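For reference, start-v5.csv (CSV, C-alpha atoms):
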```csv
chain,number,residue,atom,x,y,z
A,183,MET,CA,0.0,0.0,0.0
A,184,ASP,CA,1.3,3.4,-1.0
A,185,GLU,CA,1.5,6.0,1.8
A,186,LYS,CA,2.0,9.7,1.5
A,187,ILE,CA,5.2,10.9,3.3
A,188,TYR,CA,5.1,14.5,4.3
A,189,ARG,CA,8.4,16.5,4.4
A,190,ASP,CA,9.3,20.1,5.0
A,191,GLU,CA,8.2,21.3,1.6
A,192,ASP,CA,4.8,19.7,1.9
A,193,VAL,CA,3.8,21.4,5.1
A,194,ASN,CA,3.0,25.1,5.7
A,195,TRP,CA,3.4,26.1,9.3
A,196,ASP,CA,1.9,29.6,8.9
A,197,VAL,CA,-1.2,28.3,10.8
A,198,LEU,CA,0.9,28.4,14.0
A,199,LYS,CA,2.1,32.0,13.5
A,200,GLY,CA,0.8,34.4,16.1
A,201,LYS,CA,-0.5,31.5,18.2
A,202,THR,CA,0.5,30.7,21.8
A,203,ILE,CA,1.5,27.0,22.1
A,204,ALA,CA,1.4,25.5,25.6
A,205,VAL,CA,3.4,22.4,26.3
A,206,LEU,CA,1.8,20.6,29.2
A,207,GLY,CA,4.3,18.4,31.1
A,208,TYR,CA,8.0,19.3,31.2
A,209,GLY,CA,9.5,15.8,31.2
A,210,ILE,CA,11.8,14.2,28.6
A,211,GLN,CA,9.5,14.5,25.6
A,212,GLY,CA,8.0,17.9,26.7
A,213,LYS,CA,11.4,19.5,27.1
A,214,ALA,CA,12.5,18.4,23.7
A,215,GLN,CA,9.4,19.4,21.8
A,216,ALA,CA,9.2,22.7,23.5
A,217,ALA,CA,12.8,23.5,22.8
A,218,ASN,CA,12.5,22.5,19.1
A,219,ALA,CA,9.3,24.4,18.5
A,220,ARG,CA,10.8,27.5,20.2
A,221,ASP,CA,13.9,27.2,18.0
A,222,SER,CA,11.6,27.0,15.0
A,223,GLY,CA,10.4,30.5,15.9
A,224,PHE,CA,7.1,29.9,17.7
A,225,ASN,CA,5.7,31.2,21.0
A,226,ILE,CA,6.0,28.4,23.5
A,227,ILE,CA,4.9,28.5,27.1
A,228,ILE,CA,5.0,25.6,29.6
A,229,GLY,CA,2.3,24.3,31.9
A,230,THR,CA,3.5,22.0,34.6
A,231,GLY,CA,2.7,20.9,38.1
A,232,GLY,CA,6.2,20.4,39.5
A,233,SER,CA,8.8,21.6,37.0
A,234,ILE,CA,8.1,25.3,36.8
A,235,ALA,CA,11.6,26.1,38.1
A,236,ASP,CA,13.2,23.8,35.5
A,237,ALA,CA,11.2,25.4,32.7
A,238,LYS,CA,12.1,28.9,33.8
A,239,ALA,CA,15.7,28.0,34.1
A,240,ASP,CA,15.5,27.0,30.4
A,241,LYS,CA,14.1,30.6,29.8
A,242,PHE,CA,10.5,29.5,29.2
A,243,GLU,CA,7.5,31.3,30.5
A,244,ALA,CA,6.0,28.7,32.9
A,245,TYR,CA,2.6,28.5,34.6
A,246,SER,CA,0.4,26.0,36.3
A,247,ILE,CA,-1.4,23.7,33.9
A,248,ALA,CA,-4.7,25.5,34.3
A,249,GLU,CA,-3.2,28.9,33.6
A,250,ALA,CA,-1.3,27.7,30.6
A,251,VAL,CA,-4.5,26.2,29.1
A,252,LYS,CA,-6.2,29.6,29.5
A,253,LYS,CA,-3.4,31.4,27.8
A,254,ALA,CA,-2.9,29.0,24.9
A,255,ASP,CA,-4.4,28.6,21.4
A,256,ILE,CA,-2.7,25.2,20.9
A,257,ILE,CA,-2.1,22.7,23.7
A,258,LEU,CA,0.5,19.9,23.5
A,259,ILE,CA,-0.3,17.3,26.1
A,260,GLU,CA,3.0,15.7,27.0
A,261,LEU,CA,1.9,14.1,30.2
A,262,ALA,CA,2.1,10.4,31.0
A,263,ASP,CA,-0.9,8.4,29.9
A,264,PRO,CA,-2.1,7.3,33.4
A,265,VAL,CA,-2.1,10.8,34.8
A,266,GLN,CA,-3.8,12.5,31.9
A,267,PRO,CA,-7.4,11.8,32.8
A,268,PRO,CA,-7.4,13.3,36.3
A,269,ILE,CA,-5.4,16.3,35.2
A,270,TYR,CA,-7.6,16.8,32.2
A,271,LYS,CA,-10.7,16.8,34.4
A,272,LYS,CA,-9.3,19.1,37.1
A,273,ASP,CA,-7.1,21.6,35.2
A,274,ILE,CA,-7.6,21.3,31.4
A,275,ALA,CA,-11.3,20.8,30.7
A,276,PRO,CA,-12.6,23.6,32.9
A,277,ASN,CA,-10.3,26.1,31.1
A,278,LEU,CA,-10.9,25.1,27.5
A,279,ARG,CA,-12.6,27.5,25.1
A,280,ALA,CA,-14.0,27.0,21.6
A,281,GLY,CA,-11.4,27.0,18.8
A,282,GLN,CA,-8.5,25.7,20.8
A,283,THR,CA,-6.5,22.6,19.7
A,284,LEU,CA,-5.6,19.7,21.9
A,285,CYS,CA,-2.6,17.8,20.5
A,286,PHE,CA,-1.9,14.5,22.2
A,287,CYS,CA,1.5,12.7,22.3
A,288,HIS,CA,-0.3,9.3,22.4
A,289,GLY,CA,-3.9,8.5,21.6
A,290,PHE,CA,-4.4,6.1,24.6
A,291,SER,CA,-6.6,8.4,26.7
A,292,VAL,CA,-8.8,9.5,23.8
A,293,LEU,CA,-9.1,6.1,22.1
A,294,TYR,CA,-10.1,4.3,25.3
A,295,GLY,CA,-12.6,7.0,26.5
A,296,GLN,CA,-10.6,8.3,29.4
A,297,ILE,CA,-10.7,11.8,27.9
A,298,ASP,CA,-13.6,13.1,25.9
A,299,PRO,CA,-12.8,16.6,24.5
A,300,PRO,CA,-15.7,19.0,23.7
A,301,LYS,CA,-16.8,19.2,20.1
A,302,ASP,CA,-15.8,22.8,19.7
A,303,VAL,CA,-12.2,22.0,20.2
A,304,ASN,CA,-9.8,20.3,17.7
A,305,THR,CA,-8.5,16.9,18.9
A,306,VAL,CA,-5.3,15.9,17.1
A,307,LEU,CA,-2.2,13.9,17.7
A,308,PHE,CA,1.5,14.2,16.9
A,309,VAL,CA,4.1,11.6,17.9
A,310,PRO,CA,7.8,11.6,17.0
A,311,ASN,CA,9.1,8.0,16.9
A,312,GLY,CA,11.8,8.4,19.4
A,313,PRO,CA,12.6,9.4,23.0
A,314,GLY,CA,12.9,13.1,23.7
A,315,LYS,CA,16.7,13.2,24.0
A,316,PHE,CA,16.9,11.7,20.5
A,317,VAL,CA,14.3,14.1,19.1
A,318,ARG,CA,16.3,17.1,20.4
A,319,GLU,CA,19.7,15.8,19.3
A,320,LYS,CA,18.4,15.2,15.8
A,321,TYR,CA,16.9,18.7,15.6
A,322,LEU,CA,20.2,20.3,16.7
A,323,LYS,CA,21.9,18.4,13.9
A,324,GLY,CA,19.5,19.8,11.3
A,325,GLU,CA,17.8,16.4,11.1
A,326,GLY,CA,14.5,14.9,12.2
A,327,VAL,CA,12.8,11.9,13.7
A,328,TYR,CA,10.1,10.0,11.7
A,329,GLY,CA,6.7,10.8,13.1
A,330,CYS,CA,2.9,10.5,12.6
A,331,VAL,CA,-0.1,12.7,12.9
A,332,ALA,CA,-3.8,11.9,13.3
A,333,VAL,CA,-7.0,13.9,13.6
A,334,ASP,CA,-9.8,12.6,15.8
A,335,HIS,CA,-12.0,15.7,15.6
A,336,ASP,CA,-11.8,18.8,13.4
A,337,ALA,CA,-13.7,21.7,15.0
A,338,THR,CA,-12.2,24.6,13.1
A,339,GLY,CA,-11.7,23.2,9.7
A,340,ASP,CA,-7.9,23.4,9.8
A,341,ALA,CA,-7.1,20.8,12.5
A,342,ARG,CA,-5.1,18.6,10.1
A,343,GLU,CA,-3.0,21.6,9.0
A,344,ILE,CA,-2.3,22.4,12.6
A,345,ALA,CA,-1.2,18.8,13.4
A,346,PHE,CA,1.2,18.8,10.5
A,347,ALA,CA,2.5,22.2,11.3
A,348,ILE,CA,3.3,21.1,14.9
A,349,SER,CA,5.2,18.1,13.4
A,350,LYS,CA,7.2,20.5,11.3
A,351,ALA,CA,7.9,22.8,14.2
A,352,VAL,CA,9.3,19.9,16.2
A,353,GLY,CA,11.4,18.8,13.3
A,354,SER,CA,9.9,15.5,12.2
A,355,THR,CA,9.1,16.6,8.6
A,356,LYS,CA,12.9,16.7,8.0
A,357,ALA,CA,12.8,12.9,8.2
A,358,GLY,CA,9.2,12.3,7.1
A,359,VAL,CA,5.7,12.3,8.7
A,360,VAL,CA,2.8,10.0,7.9
A,361,GLU,CA,-0.9,10.3,8.6
A,362,MET,CA,-2.8,7.6,10.5
A,363,THR,CA,-5.7,7.1,12.9
A,364,PHE,CA,-5.7,7.4,16.7
A,365,GLN,CA,-6.4,3.7,16.9
A,366,HIS,CA,-3.4,2.7,14.8
A,367,GLU,CA,-1.0,5.0,16.5
A,368,THR,CA,-2.1,3.9,20.0
A,369,GLU,CA,-2.4,0.2,19.4
A,370,GLY,CA,0.6,0.1,17.2
A,371,ASP,CA,2.7,1.7,19.9
A,372,ASN,CA,1.3,-0.6,22.6
A,373,PHE,CA,2.0,-3.7,20.4
A,374,GLU,CA,5.5,-2.5,19.7
A,375,GLU,CA,6.3,-2.1,23.3
A,376,GLN,CA,5.0,-5.6,24.2
A,377,ILE,CA,6.7,-7.4,21.3
A,378,LEU,CA,9.9,-5.5,20.5
A,379,TYR,CA,10.8,-4.0,23.8
A,380,GLY,CA,9.4,-6.8,25.9
A,381,GLY,CA,10.6,-9.6,23.6
A,382,ALA,CA,14.1,-8.2,23.1
A,383,ILE,CA,14.6,-7.8,26.9
A,384,ALA,CA,13.3,-11.3,27.5
A,385,LEU,CA,15.7,-12.7,24.9
A,386,MET,CA,18.6,-10.8,26.5
A,387,ARG,CA,17.8,-12.2,29.9
A,388,ALA,CA,17.3,-15.7,28.5
A,389,CYS,CA,20.7,-15.6,26.8
A,390,PHE,CA,22.4,-14.4,30.0
A,391,ASN,CA,20.7,-16.8,32.3
A,392,THR,CA,21.3,-19.8,30.1
A,393,MET,CA,25.0,-19.1,29.7
A,394,VAL,CA,25.5,-18.4,33.4
A,395,ASP,CA,23.6,-21.6,34.4
A,396,ASN,CA,26.0,-23.5,32.2
A,397,GLY,CA,29.1,-22.2,33.7
A,398,TYR,CA,30.0,-19.1,31.7
A,399,SER,CA,31.5,-16.1,33.4
A,400,PRO,CA,28.7,-13.6,34.2
A,401,SER,CA,30.7,-10.7,32.7
A,402,PHE,CA,31.2,-12.6,29.4
A,403,ALA,CA,27.5,-13.6,29.4
A,404,TYR,CA,26.5,-10.0,30.0
A,405,ALA,CA,28.6,-8.7,27.2
A,406,LYS,CA,27.1,-11.3,24.8
A,407,ALA,CA,23.5,-10.7,26.0
A,408,ILE,CA,23.5,-6.9,25.8
A,409,ARG,CA,26.7,-5.2,24.4
A,410,SER,CA,26.9,-7.5,21.3
A,411,LEU,CA,23.4,-6.6,20.3
A,412,ARG,CA,24.0,-2.9,20.9
A,413,SER,CA,26.9,-2.9,18.6
A,414,VAL,CA,24.9,-4.1,15.6
A,415,ILE,CA,21.5,-2.5,15.9
A,416,ASP,CA,22.7,0.9,14.7
A,417,VAL,CA,24.3,-0.7,11.6
A,418,MET,CA,21.2,-2.6,10.7
A,419,ASP,CA,19.2,0.6,11.1
A,420,GLU,CA,21.6,2.4,8.7
A,421,VAL,CA,22.0,-0.2,6.0
A,422,GLY,CA,19.2,-2.7,6.4
A,423,ILE,CA,18.9,-6.2,7.9
A,424,GLU,CA,19.8,-8.1,4.8
A,425,GLU,CA,22.8,-5.9,4.0
A,426,TYR,CA,24.1,-6.5,7.5
A,427,ILE,CA,23.5,-10.3,7.6
A,428,SER,CA,24.8,-10.9,4.1
A,429,LYS,CA,27.8,-8.6,3.9
A,430,ARG,CA,28.7,-7.2,7.2
A,431,SER,CA,28.6,-10.2,9.5
A,432,SER,CA,30.5,-13.5,9.4
A,433,ARG,CA,29.1,-16.4,7.4
A,434,THR,CA,28.8,-18.3,10.7
A,435,CYS,CA,26.7,-15.5,12.1
A,436,GLU,CA,24.6,-15.4,8.9
A,437,TYR,CA,23.9,-19.2,9.1
A,438,ALA,CA,23.1,-18.9,12.8
A,439,VAL,CA,20.7,-16.0,12.3
A,440,ARG,CA,18.8,-17.6,9.4
A,441,THR,CA,18.5,-21.1,10.8
A,442,ARG,CA,18.2,-20.7,14.5
A,443,GLY,CA,16.6,-17.2,14.9
A,444,PRO,CA,13.0,-18.3,13.9
A,445,ARG,CA,13.1,-21.1,16.5
A,446,VAL,CA,13.3,-18.7,19.4
A,447,ILE,CA,10.4,-16.6,18.2
A,448,ASN,CA,6.8,-17.7,19.0
A,449,GLU,CA,4.9,-16.1,16.1
A,450,PRO,CA,1.5,-17.5,17.1
A,451,GLU,CA,1.9,-15.9,20.5
A,452,ILE,CA,2.9,-12.6,18.8
A,453,ARG,CA,-0.3,-12.7,16.8
A,454,LYS,CA,-2.3,-13.5,19.9
A,455,ILE,CA,-0.9,-10.5,21.6
A,456,PHE,CA,-1.7,-8.3,18.6
A,457,ALA,CA,-5.4,-9.5,18.8
A,458,GLU,CA,-5.5,-8.9,22.5
A,459,THR,CA,-4.2,-5.4,21.9
A,460,GLU,CA,-6.8,-4.7,19.2
A,461,ARG,CA,-9.6,-5.9,21.5
A,462,GLY,CA,-8.5,-3.4,24.2
A,463,GLU,CA,-7.5,-6.2,26.6
A,464,PHE,CA,-4.0,-4.8,27.2
A,465,ALA,CA,-5.4,-1.3,27.8
A,466,LYS,CA,-8.0,-2.6,30.3
A,467,GLU,CA,-5.4,-4.7,32.1
A,468,TRP,CA,-3.0,-1.8,32.3
A,469,MET,CA,-5.6,0.7,33.5
A,470,ASN,CA,-6.7,-1.7,36.2
A,471,GLU,CA,-3.1,-2.3,37.3
A,472,PHE,CA,-2.5,1.5,37.5
A,473,ALA,CA,-5.8,2.1,39.4
A,474,LEU,CA,-4.7,-0.5,42.0
A,475,GLY,CA,-1.4,1.2,42.6
A,476,MET,CA,0.7,-1.0,40.3
A,477,PRO,CA,1.2,-3.9,42.7
A,478,VAL,CA,2.3,-6.4,40.0
A,479,LEU,CA,4.6,-3.9,38.4
A,480,HIS,CA,6.3,-3.0,41.6
A,481,ARG,CA,6.9,-6.6,42.4
A,482,MET,CA,8.4,-7.2,39.0
A,483,ARG,CA,10.6,-4.2,39.4
A,484,ARG,CA,12.0,-5.5,42.6
A,485,THR,CA,12.6,-8.9,41.2
A,486,GLY,CA,14.3,-7.4,38.2
A,487,ALA,CA,16.5,-5.1,40.2
A,488,GLU,CA,17.6,-8.0,42.4
A,489,SER,CA,18.4,-10.4,39.5
A,490,LYS,CA,21.9,-11.6,38.9
A,491,MET,CA,21.9,-10.0,35.4
A,492,GLU,CA,21.2,-6.5,36.8
A,493,LYS,CA,23.9,-6.9,39.5
A,494,THR,CA,26.3,-8.1,36.9
A,495,GLY,CA,25.4,-5.1,34.7
A,496,VAL,CA,26.3,-2.6,37.4
A,497,GLU,CA,29.7,-4.3,37.9
A,498,TRP,CA,30.3,-4.7,34.1
A,499,ARG,CA,29.7,-1.0,33.4
A,500,ALA,CA,32.1,-0.1,36.2
A,501,LYS,CA,34.8,-2.4,34.9
A,502,PHE,CA,34.5,-2.1,31.2
A,503,GLY,CA,32.9,1.3,30.7
A,504,LYS,CA,29.6,2.5,29.3
```
As structure tokens, please, write out the structure in this file.
Amino acid sequence: MDEKIYRDEDVNWDVLKGKTIAVLGYGIQGKAQAANARDSGFNIIIGTGGSIADAKADKFEAYSIAEAVKKADIILIELADPVQPPIYKKDIAPNLRAGQTLCFCHGFSVLYGQIDPPKDVNTVLFVPNGPGKFVREKYLKGEGVYGCVAVDHDATGDAREIAFAISKAVGSTKAGVVEMTFQHETEGDNFEEQILYGGAIALMRACFNTMVDNGYSPSFAYAKAIRSLRSVIDVMDEVGIEEYISKRSSRTCEYAVRTRGPRVINEPEIRKIFAETERGEFAKEWMNEFALGMPVLHRMRRTGAESKMEKTGVEWRAKFGK
């Protein structure tokens, strides 16, 4: 399927000129997007509960979330998913006015009905595909991070143009931006985190534990389980998987990858997780977990922190460098 890729020359950001853009949340992503948009020439203010001093130190005008919403024409919500609904109800919703634009950094709260914006306000989404530090670093190099935009509700007739203009102000159109739905952005992101992040970390731990259980030095096992992977991921991203396997790895490595790799991946389980995600089961489970105070997550954190692999990692980085 062909998809339109929007770059700098395809997007007019004049729709943002003369507007006040409030970035709500001054964490990793909020800091990066605020700095990039300001450097692109736009009027940025910060709305935050606990980081006003940090924002002012970075020479931003900073206010409470409620006050920033009142002052803004466009509102970038860079708050973590679980805290968005109560903050929206208390500080954002009572201060909205017709014609404003709410731009979310992830569609979770809107897709699953935790936030229901009024019909006289634009509801859009812009997401750069990378952590805030990477988004900022790329911008400073004159580059960008691939991103996506979506429109859930167009109240003013130019919601789509505003969403794309935000993506350009943050720098993503230098790399390329695509348009999708709130559902695909949200569930695609949730699926990626379960399969790629969760799966890769589980594979690293399985590699480490199997080697150590069979008599290998923990430092050697740790290097193989994590550092070896780190050294090749960037190359594969730059040149492609097949180029790396066929031409930049050893033939032993190529044979191992092609013949043994598929055996350690449970594709039926991956497809099962995809279906669970599309049915909203992952979202429901996570919302329940958060509402209960994250008891399962806290227990898993403790177990992970106390594992032999984590303790080896602390020693390994001290001995062999980051």
* So, counting all atoms listed in the file, which residue among A:Pro450, A:Met491, A:Met476, A:Asp263 is closest to Met386 in chain A? -> A:Met491
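Minimum distance to Ala500 in chain A across A:Glu424, A:Ser401, A:Val309, A:Asn225 (counting all atoms listed in the file) occurs at A:Ser401.
Using all atoms listed in the file, the nearest neighbour of Phe316 in chain A within the list A:Cys435, A:Leu261, A:Ala216, A:Ile210 is A:Ile210.
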* Atom-to-atom span, CA of Ala357 in chain A and CA of Ile377 in chain A, Å ->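 Answer for the CA of Ala357 in chain A to CA of Ile377 in chain A separation: 24.9 Å.
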* Asked: With only C-alpha atoms as the basis for distance, which of A:His366, A:Arg484, A:Arg433, A:Lys350 is at the shortest distance from Asp192 in chain A?
  ->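 Counting only C-alpha atoms, the residue closest to Asp192 in chain A is A:Lys350.
Distances here use only C-alpha atoms; by that measure, the residue among A:Glu497, A:Glu325, A:Glu343, A:Glu375 closest to Ile452 in chain A is A:Glu375.
Nearest to Ile423 in chain A of all the residues A:Ala388, A:Val331, A:Val439, A:Met482 is A:Val439, counting all atoms listed in the file.
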* Selection: 9 Å around Ser233 in chain A, all atoms listed in the file, excl. self and same-chain fewer than 4 positions, as a list in words ->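 Listed by chain and then number, they are Gly207, Tyr208, Gly209, Gly229, Ala237, Lys238 and Ala244 of chain A.
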* **For Lys199 in chain A: contacts at 12 Å, all atoms listed in the file, fewer than 2 positions along chain excluded, given as an MDAnalysis selection string** => chainID A and resid 194:197 201:203 219:220 222:226 255:256 344 347:348 351
Only C-alpha atoms, please: the residues just picked out, written as a short mmCIF file (atom, residue, chain, number, x, y, z; two decimals), in the coordinates of the input.
```cif
data_model
loop_
_atom_site.label_atom_id
_atom_site.label_comp_id
_atom_site.auth_asym_id
_atom_site.auth_seq_id
_atom_site.Cartn_x
_atom_site.Cartn_y
_atom_site.Cartn_z
CA ASN A 194 3.00 25.10 5.70
CA TRP A 195 3.40 26.10 9.30
CA ASP A 196 1.90 29.60 8.90
CA VAL A 197 -1.20 28.30 10.80
CA LYS A 201 -0.50 31.50 18.20
CA THR A 202 0.50 30.70 21.80
CA ILE A 203 1.50 27.00 22.10
CA ALA A 219 9.30 24.40 18.50
CA ARG A 220 10.80 27.50 20.20
CA SER A 222 11.60 27.00 15.00
CA GLY A 223 10.40 30.50 15.90
CA PHE A 224 7.10 29.90 17.70
CA ASN A 225 5.70 31.20 21.00
CA ILE A 226 6.00 28.40 23.50
CA ASP A 255 -4.40 28.60 21.40
CA ILE A 256 -2.70 25.20 20.90
CA ILE A 344 -2.30 22.40 12.60
CA ALA A 347 2.50 22.20 11.30
CA ILE A 348 3.30 21.10 14.90
CA ALA A 351 7.90 22.80 14.20
#
```
* Scan for residues within 7 Å of the point (0.0, -2.0, 36.0) in the coordinates of the file, using only C-alpha atoms, and reply as a list of chain:residue names. =>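 Selection result: A:Trp468, A:Met469, A:Asn470, A:Glu471, A:Phe472, A:Met476, A:Val478, A:Leu479.
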* To do: Have a look at CA of Ala217 in chain A and CA of Glu319 in chain A and let me know their distance in Å, one decimal.
  =>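 So the two atoms, CA of Ala217 in chain A and CA of Glu319 in chain A, lie 10.9 Å apart.
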* Quick one: distance from CA of Ala337 in chain A to CA of Tyr188 in chain A in Å, one decimal? ->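 That distance, rounded to one decimal, is 22.8 Å.
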Specify the axis-aligned box that encloses all atoms of range 221-225 of chain A listed in the file after padding of 5 Å on each side, stating its centre and edge lengths in Å to one decimal as lines of an AutoDock Vina configuration file.
```
center_x = 9.8
center_y = 29.1
center_z = 18.0
size_x = 18.2
size_y = 14.2
size_z = 16.0
```
Could you name the residues that touch Lys213 in chain A at 10 Å or less, counting all atoms listed in the file, but leaving out those on the same chain fewer than 6 positions away, as a JSON list (two decimals) with C-alpha atoms, in the coordinates of the input?
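Heads up, here's the output in out-v7.json:
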```
[["chain", "number", "residue", "atom", "x", "y", "z"],
["A", 205, "VAL", "CA", 3.40, 22.40, 26.30],
["A", 206, "LEU", "CA", 1.80, 20.60, 29.20],
["A", 207, "GLY", "CA", 4.30, 18.40, 31.10],
["A", 228, "ILE", "CA", 5.00, 25.60, 29.60],
["A", 236, "ASP", "CA", 13.20, 23.80, 35.50],
["A", 237, "ALA", "CA", 11.20, 25.40, 32.70],
["A", 240, "ASP", "CA", 15.50, 27.00, 30.40],
["A", 260, "GLU", "CA", 3.00, 15.70, 27.00],
["A", 314, "GLY", "CA", 12.90, 13.10, 23.70],
["A", 315, "LYS", "CA", 16.70, 13.20, 24.00],
["A", 318, "ARG", "CA", 16.30, 17.10, 20.40]]
```
* **Near-range 286-296 of chain A list (6 Å; only C-alpha atoms; drop same-chain fewer than 2 positions) as a PyMOL selection string** => chain A and resi 259-260+267+307-309+364+368
Which residues are close to Lys272 in chain A, i.e. within 12 Å by all atoms listed in the file, leaving aside same-chain residues fewer than 6 positions away? Reply as an mmCIF file with C-alpha atoms, in the coordinates of the input.
```cif
data_model
loop_
_atom_site.group_PDB
_atom_site.id
_atom_site.type_symbol
_atom_site.label_atom_id
_atom_site.label_comp_id
_atom_site.auth_asym_id
_atom_site.auth_seq_id
_atom_site.Cartn_x
_atom_site.Cartn_y
_atom_site.Cartn_z
ATOM 1 C CA SER A 246 0.400 26.000 36.300
ATOM 2 C CA ILE A 247 -1.400 23.700 33.900
ATOM 3 C CA ALA A 248 -4.700 25.500 34.300
ATOM 4 C CA VAL A 251 -4.500 26.200 29.100
ATOM 5 C CA VAL A 265 -2.100 10.800 34.800
ATOM 6 C CA GLN A 266 -3.800 12.500 31.900
ATOM 7 C CA LEU A 278 -10.900 25.100 27.500
ATOM 8 C CA ILE A 297 -10.700 11.800 27.900
#
```
